[in-house]
$ cat my_file18.txt   # compact mmCIF, C-alpha atoms and all ligand atoms
# COMPACT_ATOMS: atom_id res chain seq x y z
CA MET Z 1 92.34 53.86 12.99
CA THR Z 2 94.19 50.71 13.56
CA HIS Z 3 97.12 50.91 11.25
CA LEU Z 4 99.19 48.95 13.71
CA VAL Z 5 100.11 45.54 12.49
CA LYS Z 6 100.31 42.39 14.50
CA GLY Z 7 103.83 41.27 14.97
CA LEU Z 8 105.16 44.25 13.19
CA ILE Z 9 106.84 45.93 16.04
CA LEU Z 10 108.52 48.75 14.32
CA SER Z 11 111.78 50.25 15.32
CA LEU Z 12 112.22 53.94 15.38
CA LEU Z 13 115.01 54.95 13.12
CA LEU Z 14 116.85 56.86 15.70
CA SER Z 15 123.73 53.05 16.44
CA GLY Z 16 128.67 49.78 12.10
CA LEU Z 17 128.86 47.16 9.78
CA PRO Z 18 127.82 46.38 6.20
CA LEU Z 19 124.56 44.43 6.15
CA MET Z 20 123.66 41.63 3.76
CA ALA Z 21 120.30 39.89 3.75
CA GLY Z 22 120.42 36.48 5.39
CA VAL Z 23 122.31 35.15 8.36
CA PRO Z 24 124.33 37.92 10.04
CA ALA Z 25 128.07 37.98 9.36
CA LYS Z 26 130.53 37.05 12.11
CA GLU Z 27 131.25 40.62 13.24
CA LEU Z 28 127.52 41.34 13.44
CA VAL Z 29 126.86 38.20 15.42
CA GLU Z 30 129.54 39.37 17.85
CA LEU Z 31 127.96 42.84 18.02
CA GLY Z 32 124.59 41.19 18.69
CA LYS Z 33 126.03 39.10 21.50
CA GLN Z 34 127.47 42.15 23.21
CA CYS Z 35 124.14 43.96 22.87
CA GLU Z 36 122.32 40.95 24.26
CA LYS Z 37 124.52 40.81 27.37
CA ARG Z 38 123.92 44.48 28.04
CA VAL Z 39 120.17 44.38 27.39
CA VAL Z 40 119.63 41.31 29.57
CA LYS Z 41 121.44 42.99 32.44
CA LEU Z 42 119.78 46.34 31.92
CA ARG Z 43 116.24 44.98 31.66
CA GLY Z 44 116.73 42.25 34.26
CA LEU Z 45 115.05 39.52 32.21
CA LYS Z 46 116.83 36.26 31.52
CA VAL Z 47 117.15 34.66 28.10
CA LYS Z 48 115.01 31.54 28.24
CA LYS Z 49 116.01 30.29 24.81
CA PRO Z 50 118.51 31.53 22.26
CA ILE Z 51 117.35 34.70 20.52
CA ARG Z 52 117.36 34.28 16.76
CA TRP Z 53 117.88 37.07 14.32
CA GLU Z 54 118.42 37.69 10.64
CA ILE Z 55 119.19 40.49 8.24
CA THR Z 56 116.35 41.30 5.92
CA SER Z 57 116.06 43.05 2.55
CA LYS Z 58 113.55 45.67 1.47
CA GLU Z 59 111.72 43.08 -0.65
CA GLN Z 60 111.37 40.73 2.32
CA VAL Z 61 110.10 43.53 4.54
CA ARG Z 62 107.53 44.51 1.95
CA ALA Z 63 106.33 40.90 1.64
CA TYR Z 64 106.11 40.57 5.42
CA LEU Z 65 104.13 43.79 5.70
CA LYS Z 66 101.67 42.73 3.03
CA GLN Z 67 101.20 39.30 4.54
CA THR Z 68 100.68 40.73 8.03
CA LEU Z 69 98.11 43.21 6.79
CA ALA Z 70 96.29 40.40 4.97
CA GLU Z 71 96.18 38.38 8.20
CA GLN Z 72 94.99 41.26 10.30
CA TYR Z 73 92.38 42.72 8.00
CA ALA Z 74 89.50 41.05 6.20
CA PRO Z 75 89.08 42.12 2.56
CA GLY Z 76 87.75 45.68 2.45
CA GLU Z 77 88.39 46.32 6.13
CA MET Z 78 91.41 48.51 5.59
CA GLU Z 79 89.56 50.62 3.04
CA ALA Z 80 86.80 51.05 5.63
CA GLU Z 81 89.38 52.19 8.17
CA GLY Z 82 90.64 54.74 5.62
CA ASP Z 83 87.06 55.91 5.01
CA ALA Z 84 86.59 56.34 8.75
CA MET Z 85 89.65 58.57 8.93
CA LYS Z 86 88.34 60.54 5.97
CA ALA Z 87 84.93 60.96 7.60
CA LEU Z 88 86.58 62.32 10.74
CA GLY Z 89 88.65 64.71 8.65
CA MET Z 90 92.00 63.19 9.62
CA ILE Z 91 93.21 62.27 6.14
CA PRO Z 92 92.38 63.83 2.76
CA ALA Z 93 89.50 62.34 0.77
CA SER Z 94 91.82 61.70 -2.16
CA MET Z 95 94.30 59.53 -0.23
CA HIS Z 96 94.74 55.85 -1.15
CA TYR Z 97 94.94 54.77 2.48
CA LYS Z 98 96.17 51.19 2.14
CA GLU Z 99 98.93 52.05 -0.30
CA PHE Z 100 100.02 55.01 1.73
CA ILE Z 101 100.22 52.97 4.92
CA LEU Z 102 102.35 50.33 3.18
CA LYS Z 103 104.70 52.96 1.83
CA LEU Z 104 104.91 54.68 5.19
CA TYR Z 105 105.70 51.45 7.05
CA GLU Z 106 108.27 50.35 4.52
CA GLU Z 107 110.07 53.60 4.95
CA GLN Z 108 109.93 53.55 8.74
CA VAL Z 109 110.99 49.98 9.42
CA GLY Z 110 114.53 49.61 10.74
CA GLY Z 111 113.88 46.22 12.14
CA TYR Z 112 111.02 44.19 13.46
CA TYR Z 113 110.35 41.29 15.74
CA ASP Z 114 108.19 38.49 14.38
CA PRO Z 115 106.56 36.74 17.35
CA LYS Z 116 105.44 33.84 15.18
CA LYS Z 117 108.96 33.00 14.09
CA GLU Z 118 110.36 34.22 17.41
CA THR Z 119 113.02 35.97 15.40
CA PHE Z 120 113.96 39.59 14.95
CA PHE Z 121 114.90 41.06 11.63
CA LEU Z 122 117.31 43.89 11.05
CA ALA Z 123 116.84 45.88 7.87
CA ASP Z 124 119.88 45.69 5.57
CA TRP Z 125 119.68 49.34 4.58
CA ILE Z 126 119.91 51.00 7.96
CA ALA Z 127 122.82 53.26 8.73
CA PRO Z 128 125.70 51.67 10.66
CA SER Z 129 125.31 54.22 13.44
CA LEU Z 130 121.79 52.92 14.12
CA GLN Z 131 122.50 49.19 14.18
CA GLU Z 132 123.22 48.82 17.87
CA SER Z 133 120.18 50.84 18.88
CA ILE Z 134 117.87 48.81 16.70
CA ILE Z 135 119.41 45.54 17.85
CA SER Z 136 118.92 46.45 21.51
CA HIS Z 137 115.35 47.56 20.79
CA GLU Z 138 114.48 44.29 19.01
CA LEU Z 139 116.29 42.21 21.64
CA THR Z 140 113.99 43.76 24.20
CA HIS Z 141 111.00 42.57 22.15
CA ALA Z 142 112.45 39.05 22.06
CA LEU Z 143 112.81 39.12 25.86
CA GLN Z 144 109.28 40.48 26.24
CA ASP Z 145 108.01 37.65 24.09
CA GLN Z 146 109.89 34.97 26.05
CA HIS Z 147 108.54 36.28 29.34
CA PHE Z 148 105.16 37.77 28.53
CA ASP Z 149 104.12 36.13 25.26
CA ILE Z 150 103.54 39.39 23.42
CA ASP Z 151 102.01 38.08 20.20
CA LYS Z 152 98.73 37.56 22.07
CA PHE Z 153 98.24 41.21 22.66
CA VAL Z 154 99.93 42.89 19.76
CA GLU Z 155 96.98 41.75 17.68
CA ARG Z 156 94.37 44.19 16.54
CA VAL Z 157 91.67 44.75 19.10
CA LYS Z 158 88.71 44.85 16.77
CA GLY Z 159 86.35 47.67 17.56
CA ASN Z 160 88.72 49.26 20.06
CA SER Z 161 91.78 50.82 18.48
CA ASP Z 162 92.23 52.93 21.58
CA ALA Z 163 92.93 49.83 23.70
CA MET Z 164 95.25 48.50 21.00
CA TYR Z 165 97.33 51.69 20.95
CA ALA Z 166 97.61 51.43 24.73
CA ARG Z 167 99.05 47.89 24.51
CA ALA Z 168 101.40 48.84 21.74
CA ALA Z 169 102.60 51.74 23.88
CA LEU Z 170 103.63 49.38 26.67
CA VAL Z 171 105.64 47.10 24.38
CA GLU Z 172 107.25 49.87 22.33
CA GLY Z 173 107.72 52.25 25.22
CA GLU Z 174 109.68 49.62 27.09
CA ALA Z 175 111.85 48.66 24.08
CA THR Z 176 112.52 52.33 23.38
CA LEU Z 177 113.52 53.00 26.99
CA VAL Z 178 115.89 50.01 27.04
CA MET Z 179 117.38 51.19 23.75
CA MET Z 180 117.90 54.71 25.08
CA LEU Z 181 119.38 53.58 28.39
CA ASP Z 182 121.72 51.22 26.56
CA SER Z 183 122.89 53.96 24.17
CA MET Z 184 123.41 56.33 27.08
CA LYS Z 185 125.43 53.72 28.97
CA ASN Z 186 127.54 53.19 25.87
CA MET Z 187 128.30 56.87 25.89
CA GLY Z 188 129.21 56.68 29.57
CA VAL Z 189 126.01 58.35 30.80
CA ASP Z 190 124.39 56.47 33.62
CA ILE Z 191 121.35 58.32 34.93
CA GLU Z 192 117.75 57.59 35.77
CA LEU Z 193 115.64 58.95 32.93
CA ASP Z 194 112.79 61.32 33.72
CA MET Z 195 109.62 61.79 31.74
CA LEU Z 196 110.25 63.84 28.64
CA ASP Z 197 108.27 66.89 27.60
CA LEU Z 198 107.04 65.42 24.34
CA ASP Z 199 104.32 68.00 23.84
CA GLY Z 200 106.97 70.68 23.89
CA THR Z 201 110.22 71.34 22.09
CA LEU Z 202 111.49 67.77 22.17
CA GLY Z 203 108.39 66.36 20.50
CA THR Z 204 108.57 69.01 17.80
CA LEU Z 205 112.25 68.27 17.28
CA LEU Z 206 111.67 64.53 16.97
CA MET Z 207 108.91 65.11 14.47
CA SER Z 208 110.99 67.46 12.37
CA LEU Z 209 113.95 65.06 12.37
CA SER Z 210 111.77 62.29 11.04
CA THR Z 211 110.21 64.64 8.56
CA ALA Z 212 113.53 65.66 7.09
CA GLN Z 213 114.74 62.10 6.66
CA PHE Z 214 111.69 60.34 5.32
CA PRO Z 215 109.59 61.51 2.35
CA SER Z 216 106.42 59.47 3.05
CA PHE Z 217 106.50 60.40 6.71
CA SER Z 218 106.95 64.04 5.82
CA GLU Z 219 103.91 64.08 3.55
CA ALA Z 220 101.75 62.05 5.96
CA PRO Z 221 98.82 63.85 7.57
CA ARG Z 222 99.35 64.74 11.20
CA ALA Z 223 97.06 62.04 12.58
CA LEU Z 224 98.98 59.29 10.75
CA LYS Z 225 102.40 60.62 11.73
CA GLU Z 226 101.53 60.91 15.35
CA THR Z 227 99.72 57.59 15.55
CA LEU Z 228 102.85 55.97 14.20
CA MET Z 229 104.99 57.70 16.82
CA PHE Z 230 102.52 57.33 19.70
CA PRO Z 231 103.63 53.92 21.06
CA TYR Z 232 107.31 54.94 21.08
CA LEU Z 233 107.03 58.44 22.46
CA LYS Z 234 104.03 58.38 24.75
CA GLY Z 235 104.74 54.75 25.61
CA LEU Z 236 108.24 55.77 26.63
CA ASN Z 237 106.91 58.24 29.18
CA PHE Z 238 104.40 55.72 30.47
CA VAL Z 239 107.14 53.14 31.09
CA ILE Z 240 109.50 55.71 32.64
CA TYR Z 241 106.71 56.70 35.03
CA GLY Z 242 105.99 53.10 36.06
CA LYS Z 243 109.65 52.20 36.40
CA LYS Z 244 110.22 55.12 38.77
CA LEU Z 245 107.46 53.79 41.00
CA GLY Z 246 108.72 50.25 41.32
CA ALA Z 247 111.66 49.53 39.02
CA TRP Z 248 111.31 46.96 36.22
CA ALA Z 249 109.27 44.70 38.50
CA ARG Z 250 106.46 47.27 38.30
CA ILE Z 251 106.59 47.09 34.50
CA ASP Z 252 106.53 43.28 34.59
CA GLN Z 253 103.23 43.51 36.45
CA VAL Z 254 101.70 45.67 33.73
CA TYR Z 255 101.79 42.68 31.37
CA ALA Z 256 99.28 40.90 33.55
CA ASP Z 257 97.10 44.00 33.90
CA LEU Z 258 97.28 45.81 30.57
CA PRO Z 259 96.56 49.51 30.06
CA VAL Z 260 93.22 49.79 28.26
CA SER Z 261 93.12 53.33 26.88
CA THR Z 262 95.40 55.99 25.45
CA GLU Z 263 94.12 58.12 28.32
CA GLN Z 264 96.03 55.83 30.71
CA ILE Z 265 99.17 56.16 28.56
CA LEU Z 266 98.95 59.93 28.21
CA HIS Z 267 98.32 60.35 31.93
CA PRO Z 268 100.23 57.44 33.54
CA GLU Z 269 98.88 58.37 36.97
CA LYS Z 270 95.46 57.31 35.69
CA TYR Z 271 96.90 53.83 35.29
CA PHE Z 272 99.50 53.52 38.06
CA LEU Z 273 98.00 55.61 40.86
CA LYS Z 274 94.29 56.24 40.55
CA ARG Z 275 93.03 53.83 37.92
CA ASP Z 276 90.64 55.51 35.48
CA LYS Z 277 88.73 52.78 33.72
CA PRO Z 278 86.94 53.92 30.58
CA VAL Z 279 83.18 53.61 30.24
CA THR Z 280 82.02 51.23 27.52
CA VAL Z 281 79.48 52.92 25.27
CA SER Z 282 77.04 50.68 23.48
CA LEU Z 283 74.16 51.97 21.40
CA THR Z 284 72.95 49.41 18.93
CA ALA Z 285 69.81 51.49 18.28
CA ILE Z 286 71.92 53.95 16.31
CA GLU Z 287 72.56 51.41 13.61
CA LYS Z 288 68.84 50.79 13.23
CA ILE Z 289 67.96 54.46 12.97
CA VAL Z 290 70.49 55.32 10.32
CA GLY Z 291 68.91 53.78 7.26
CA ARG Z 292 67.90 55.17 3.89
CA GLY Z 293 70.70 53.52 2.06
CA TRP Z 294 73.42 54.49 4.52
CA LYS Z 295 75.58 51.45 5.18
CA LYS Z 296 77.49 51.07 8.43
CA ILE Z 297 81.11 50.49 7.45
CA TYR Z 298 83.11 51.00 10.65
CA VAL Z 299 82.71 51.09 14.45
CA ASP Z 300 85.50 51.98 16.85
CA VAL Z 301 86.53 53.76 20.04
CA LEU Z 302 88.22 57.07 19.34
CA GLY Z 303 89.87 57.62 22.73
CA GLU Z 304 91.64 60.64 24.16
CA PHE Z 305 94.66 60.52 21.84
CA MET Z 306 92.66 60.48 18.60
CA THR Z 307 90.21 63.02 20.00
CA ARG Z 308 93.14 65.44 20.02
CA HIS Z 309 93.51 64.82 16.29
CA LEU Z 310 89.78 65.18 15.73
CA LEU Z 311 90.29 68.71 17.02
CA ALA Z 312 93.35 69.38 14.87
CA GLY Z 313 91.42 72.09 13.03
CA LEU Z 314 91.77 74.29 16.08
CA ASP Z 315 95.47 74.47 15.26
CA ASP Z 316 96.22 75.03 18.93
CA ARG Z 317 97.82 72.06 20.71
CA ASP Z 318 97.09 73.34 24.20
CA GLU Z 319 93.43 73.85 23.45
CA GLU Z 320 93.17 70.48 21.66
CA ASN Z 321 94.85 68.60 24.53
CA LYS Z 322 92.77 70.40 27.11
CA ALA Z 323 89.51 69.72 25.30
CA ALA Z 324 90.33 66.00 24.83
CA ALA Z 325 91.26 65.58 28.51
CA GLY Z 326 88.52 64.33 30.79
CA TRP Z 327 87.51 61.74 28.19
CA ASP Z 328 85.85 58.80 29.86
CA GLY Z 329 84.73 56.62 26.96
CA ASP Z 330 83.19 56.79 23.50
CA LYS Z 331 82.14 54.92 20.44
CA PHE Z 332 81.70 56.11 16.87
CA TRP Z 333 79.93 54.70 13.84
CA VAL Z 334 80.80 55.54 10.24
CA PHE Z 335 78.26 55.26 7.45
CA LYS Z 336 78.67 55.39 3.70
CA ARG Z 337 76.27 55.97 0.83
CA GLU Z 338 77.24 56.46 -2.78
CA GLY Z 339 80.69 57.68 -1.95
CA GLU Z 340 79.45 60.02 0.77
CA LEU Z 341 80.47 59.62 4.41
CA ALA Z 342 78.65 60.40 7.66
CA TRP Z 343 79.30 59.53 11.29
CA VAL Z 344 77.80 59.50 14.74
CA GLN Z 345 79.69 59.55 18.03
CA MET Z 346 78.56 59.16 21.60
CA SER Z 347 81.08 60.18 24.22
CA VAL Z 348 81.12 60.25 28.02
CA TRP Z 349 83.20 62.70 30.06
CA ASP Z 350 84.48 62.85 33.62
CA SER Z 351 82.37 65.94 34.34
CA GLU Z 352 79.89 68.30 32.73
CA LYS Z 353 82.65 70.83 32.48
CA ASP Z 354 84.83 68.42 30.49
CA ALA Z 355 81.92 67.60 28.22
CA THR Z 356 81.12 71.27 27.65
CA GLU Z 357 84.75 71.97 26.81
CA PHE Z 358 84.89 69.20 24.22
CA ALA Z 359 81.59 70.22 22.62
CA GLY Z 360 82.73 73.81 22.35
CA ALA Z 361 86.06 72.84 20.84
CA PHE Z 362 84.49 70.46 18.33
CA ALA Z 363 81.93 73.08 17.32
CA LYS Z 364 84.75 75.41 16.33
CA THR Z 365 85.98 72.84 13.80
CA VAL Z 366 82.67 72.29 12.02
CA ALA Z 367 82.97 75.15 9.57
CA GLN Z 368 86.24 73.88 8.10
CA ARG Z 369 85.31 70.21 8.10
CA ARG Z 370 82.02 70.74 6.33
CA ALA Z 371 81.85 73.38 3.63
CA GLY Z 372 78.36 74.73 2.97
CA PHE Z 373 76.99 74.08 6.44
CA VAL Z 374 75.56 77.07 8.25
CA GLN Z 375 75.05 77.21 11.99
CA GLN Z 376 71.39 77.55 12.90
CA PRO Z 377 70.89 80.86 14.66
CA THR Z 378 68.62 79.52 17.38
CA THR Z 379 71.09 76.97 18.61
CA ALA Z 380 73.83 77.30 21.18
CA GLN Z 381 75.39 75.04 23.79
CA PRO Z 382 74.23 72.55 24.99
CA MET Z 383 72.72 71.91 21.52
CA MET Z 384 74.20 73.27 18.32
CA THR Z 385 73.19 72.45 14.78
CA TRP Z 386 74.45 73.28 11.33
CA LYS Z 387 72.61 72.66 8.08
CA ASN Z 388 73.36 72.65 4.41
CA LYS Z 389 71.14 73.06 1.36
CA LYS Z 390 70.66 69.29 1.02
CA ASP Z 391 68.95 69.13 4.41
CA ARG Z 392 71.94 67.46 6.01
CA VAL Z 393 72.70 68.21 9.61
CA VAL Z 394 75.67 68.45 11.90
CA LEU Z 395 74.60 68.24 15.53
CA VAL Z 396 76.56 68.58 18.74
CA GLU Z 397 74.48 68.08 21.85
CA ARG Z 398 75.39 67.73 25.50
CA ARG Z 399 73.25 66.31 28.26
CA ALA Z 400 74.92 66.06 31.64
CA ASN Z 401 78.35 64.56 30.93
CA LYS Z 402 77.42 63.01 27.60
CA ILE Z 403 77.92 64.34 24.09
CA LEU Z 404 76.23 63.24 20.91
CA ILE Z 405 77.77 64.22 17.60
CA VAL Z 406 75.99 63.61 14.32
CA ASP Z 407 77.80 64.57 11.16
CA ASN Z 408 76.20 64.79 7.72
CA LEU Z 409 72.98 62.82 8.22
CA GLU Z 410 69.45 63.84 7.21
CA GLN Z 411 67.30 66.07 9.41
CA ASN Z 412 64.59 63.41 9.78
CA MET Z 413 66.93 61.01 11.59
CA ILE Z 414 68.17 63.53 14.10
CA ASP Z 415 65.39 63.35 16.69
CA SER Z 416 65.42 59.56 16.79
CA LEU Z 417 69.16 59.61 17.20
CA ARG Z 418 68.92 62.11 20.05
CA GLN Z 419 66.28 60.03 21.74
CA ALA Z 420 68.26 56.83 21.38
CA ALA Z 421 71.40 58.50 22.63
CA PHE Z 422 70.04 60.19 25.72
CA ASP Z 423 66.96 58.28 26.90
ZN ZN T 1 109.67 47.99 18.69
$ encode --input "my_file18.txt" --output "structure tokens"
Amino acid sequence: MTHLVKGLILSLLLSGLPLMAGVPAKELVELGKQCEKRVVKLRGLKVKKPIRWEITSKEQVRAYLKQTLAEQYAPGEMEAEGDAMKALGMIPASMHYKEFILKLYEEQVGGYYDPKKETFFLADWIAPSLQESIISHELTHALQDQHFDIDKFVERVKGNSDAMYARAALVEGEATLVMMLDSMKNMGVDIELDMLDLDGTLGTLLMSLSTAQFPSFSEAPRALKETLMFPYLKGLNFVIYGKKLGAWARIDQVYADLPVSTEQILHPEKYFLKRDKPVTVSLTAIEKIVGRGWKKIYVDVLGEFMTRHLLAGLDDRDEENKAAAGWDGDKFWVFKREGELAWVQMSVWDSEKDATEFAGAFAKTVAQRRAGFVQQPTTAQPMMTWKNKKDRVVLVERRANKILIVDNLEQNMIDSLRQAAFD
């Protein structure tokens, strides 16, 4: 789930001069200086030390991406992440995950800030009309780093991608807001920005724009596309919400008290007003029960945002969003055996009603995610099971506000799993 890379703070390709790899030419340096003045004033953070930047080529970006991935992932870890997404039905079984992610990132990078070098890099192939926007976005990252030391928390949070997306949303949401406000000012528009309806027309428009321009993005499965966009779009709304409450000073405080879930980003009131802290689910027994050659390859927190994508089979955004809301914590385990994948998830919900809603929505997706599984006639909410001819089971069970999902494991493990989960 965690295809976010440390230090690789991507710029959305959303403001010209010819670009050559290396030290920026005179005119560009001048453009950068003007941007810097504006961004410093707009964001209200001082420059503590000179902000360095360079122009970078496609080859250099590719090398940086590869190196960053190698630092962030142990050998085999990225493949396991890909397998996890396959198990959950979010990417096709045939996809070469690591290669696809590299291609997708390469295509999407307009610039990036490298916290280790404390330097931002502007891609030499970006359109002149985008240069100023990307410069102001990356300048914001440089200021964030000088004031809040961002490299510490742009790292992968192992075992909790949900928390990592939330942090990324703060950093990217802020840089995107500064970029937008700066562009608007340049056009003579000086207004306070309100939260944008990203689940509606605007979100659809942004997606389709990106789709038209970028081939890898356009062929990416929905979950990958939207995970890539999440920090910029949903993060933007989160930062707008906080800024309205207490100006930039309120956002400064967030760096000392980070958002910990995508739930808090999607519903900023659950961070800024009535803090909704997620429940930590831990169930080590599950790993002991699932044996018989199944090897645990991945453990993570799915979170509200990815739960929406787990329900993508419903093909109804309102229903997906509604069913994923009320999430209060989860953990999932992915197992592999001879090329086959299975998973178990334990989730906790704000209320029984929320849990029931999620179970019902997930149940509707079983038929398309698992061919050959037939729902057992005697089962209905709160416990539903499906079986196939190989004695494999899909189980969705609710007790109080908790849901256990088992997908593609053998019948003889099911009762032990249920006991471990609920007792
Ligand atoms: Zn960024």
$ residues_near_ligand --input "my_file18.txt" --ligand "ligand ZN 1 (chain T)" --cutoff "10 Å" --atoms "all atoms listed in the file" --output "compact mmCIF listing (two decimals) with C-alpha atoms, in the coordinates of the input"
# COMPACT_ATOMS: atom_id res chain seq x y z
CA GLY Z 7 103.83 41.27 14.97
CA LEU Z 8 105.16 44.25 13.19
CA ILE Z 9 106.84 45.93 16.04
CA LEU Z 10 108.52 48.75 14.32
CA SER Z 11 111.78 50.25 15.32
CA LEU Z 12 112.22 53.94 15.38
CA VAL Z 109 110.99 49.98 9.42
CA GLY Z 110 114.53 49.61 10.74
CA GLY Z 111 113.88 46.22 12.14
CA TYR Z 112 111.02 44.19 13.46
CA TYR Z 113 110.35 41.29 15.74
CA ILE Z 134 117.87 48.81 16.70
CA SER Z 136 118.92 46.45 21.51
CA HIS Z 137 115.35 47.56 20.79
CA GLU Z 138 114.48 44.29 19.01
CA LEU Z 139 116.29 42.21 21.64
CA THR Z 140 113.99 43.76 24.20
CA HIS Z 141 111.00 42.57 22.15
CA ALA Z 142 112.45 39.05 22.06
CA ALA Z 168 101.40 48.84 21.74
CA ALA Z 169 102.60 51.74 23.88
CA VAL Z 171 105.64 47.10 24.38
CA GLU Z 172 107.25 49.87 22.33
CA GLY Z 173 107.72 52.25 25.22
CA GLU Z 174 109.68 49.62 27.09
CA ALA Z 175 111.85 48.66 24.08
CA THR Z 176 112.52 52.33 23.38
CA MET Z 179 117.38 51.19 23.75
CA PRO Z 231 103.63 53.92 21.06
CA TYR Z 232 107.31 54.94 21.08
$ atom_distance --input "my_file18.txt" --atom1 "CA of Asp328 in chain Z" --atom2 "CA of Ala367 in chain Z"
26.2 Å
$ residues_around --input "my_file18.txt" --residues "Gly89 in chain Z" --least-positions-apart "4" --cutoff "8 Å" --atoms "only C-alpha atoms" --output "list in words"
Met85, Leu310 and Arg369 of chain Z
$ closest_atom_pairs --input "my_file18.txt" --of "range 330-391 of chain Z" --to "range 68-84 of chain Z" --cutoff "10 Å" --atoms "all atoms listed in the file" --output "CSV"
residue,atom,partner,partner_atom,distance
Z:Phe332,CA,Z:Ala84,CA,9.5
Z:Trp333,CA,Z:Ala84,CA,8.5
Z:Val334,CA,Z:Ala84,CA,6.0
Z:Phe335,CA,Z:Ala84,CA,8.5
Z:Lys336,CA,Z:Asp83,CA,8.5
Z:Gly339,CA,Z:Asp83,CA,9.6
Z:Glu340,CA,Z:Asp83,CA,9.6
Z:Leu341,CA,Z:Asp83,CA,7.6
Z:Ala342,CA,Z:Ala84,CA,9.0
Z:Trp343,CA,Z:Ala84,CA,8.4
$ residues_around --input "my_file18.txt" --residues "range 400-407 of chain Z" --least-positions-apart "3" --cutoff "9 Å" --atoms "only C-alpha atoms" --output "JSON, numbers by chain"
{"Z": [87, 341, 342, 343, 344, 345, 346, 347, 348, 349, 350, 351, 352, 353, 354, 355, 356, 358, 359, 370, 392, 393, 394, 395, 396, 397, 414, 417, 418, 421, 422]}
$ atom_distance --input "my_file18.txt" --atom1 "CA of Ala223 in chain Z" --atom2 "CA of Thr385 in chain Z"
26.1 Å
$ atom_distance --input "my_file18.txt" --atom1 "CA of Ser57 in chain Z" --atom2 "CA of Trp125 in chain Z"
7.5 Å
$ residues_around --input "my_file18.txt" --residues "range 234-242 of chain Z" --least-positions-apart "5" --cutoff "7 Å" --atoms "all atoms listed in the file" --output "number ranges by chain"
Z: 169-170, 172-174, 176-177, 193-196, 250-251, 265-266, 268, 272
$ residues_near_point --input "my_file18.txt" --point "(76.6, 72.8, 11.9)" --cutoff "6 Å" --atoms "all atoms listed in the file" --output "ChimeraX atom specification"
/Z:373-375,385-387,394
$ residues_near_point --input "my_file18.txt" --point "(90.7, 55.6, 17.5)" --cutoff "9 Å" --atoms "all atoms listed in the file" --output "ChimeraX atom specification"
/Z:1-2,160-163,165,300-307
$ axis_aligned_box --input "my_file18.txt" --around "range 311-316 of chain Z" --padding-each-side "4 Å" --output "AutoDock Vina command-line options"
--center_x 93.3 --center_y 71.9 --center_z 16.0 --size_x 13.9 --size_y 14.3 --size_z 13.9
$ closest_residue --input "my_file18.txt" --among "Z:Leu311, Z:Val290, Z:Val61, Z:Ala166" --to "Lys364 in chain Z" --atoms "only C-alpha atoms"
Z:Leu311
$ decode --input "my_file18.txt" --residues "range 236-262 of chain Z" --atoms "C-alpha atoms" --output "PDB file, in the first residue's frame"
ATOM      1  CA  LEU Z 236      -5.434  20.313   0.313  1.00  0.00           C
ATOM      2  CA  ASN Z 237      -8.890  20.275   1.880  1.00  0.00           C
ATOM      3  CA  PHE Z 238      -7.467  19.259   5.239  1.00  0.00           C
ATOM      4  CA  VAL Z 239      -5.066  22.228   5.232  1.00  0.00           C
ATOM      5  CA  ILE Z 240      -7.737  24.660   4.000  1.00  0.00           C
ATOM      6  CA  TYR Z 241      -9.966  23.531   6.870  1.00  0.00           C
ATOM      7  CA  GLY Z 242      -7.248  24.011   9.490  1.00  0.00           C
ATOM      8  CA  LYS Z 243      -6.125  27.337   8.087  1.00  0.00           C
ATOM      9  CA  LYS Z 244      -9.672  28.697   8.283  1.00  0.00           C
ATOM     10  CA  LEU Z 245      -9.745  27.835  11.967  1.00  0.00           C
ATOM     11  CA  GLY Z 246      -6.535  29.547  12.969  1.00  0.00           C
ATOM     12  CA  ALA Z 247      -4.563  30.810   9.973  1.00  0.00           C
ATOM     13  CA  TRP Z 248      -1.124  29.346   9.192  1.00  0.00           C
ATOM     14  CA  ALA Z 249      -0.291  29.236  12.896  1.00  0.00           C
ATOM     15  CA  ARG Z 250      -2.865  26.446  13.251  1.00  0.00           C
ATOM     16  CA  ILE Z 251      -1.109  24.499  10.497  1.00  0.00           C
ATOM     17  CA  ASP Z 252       2.284  25.028  12.167  1.00  0.00           C
ATOM     18  CA  GLN Z 253       0.894  23.299  15.241  1.00  0.00           C
ATOM     19  CA  VAL Z 254      -0.111  20.247  13.230  1.00  0.00           C
ATOM     20  CA  TYR Z 255       3.576  19.446  12.695  1.00  0.00           C
ATOM     21  CA  ALA Z 256       3.963  18.819  16.398  1.00  0.00           C
ATOM     22  CA  ASP Z 257       0.760  16.784  16.578  1.00  0.00           C
ATOM     23  CA  LEU Z 258       0.532  14.848  13.324  1.00  0.00           C
ATOM     24  CA  PRO Z 259      -2.674  13.448  11.831  1.00  0.00           C
ATOM     25  CA  VAL Z 260      -2.590   9.675  12.251  1.00  0.00           C
ATOM     26  CA  SER Z 261      -5.215   8.332   9.855  1.00  0.00           C
ATOM     27  CA  THR Z 262      -6.726   9.053   6.460  1.00  0.00           C
TER      28      THR Z 262
END
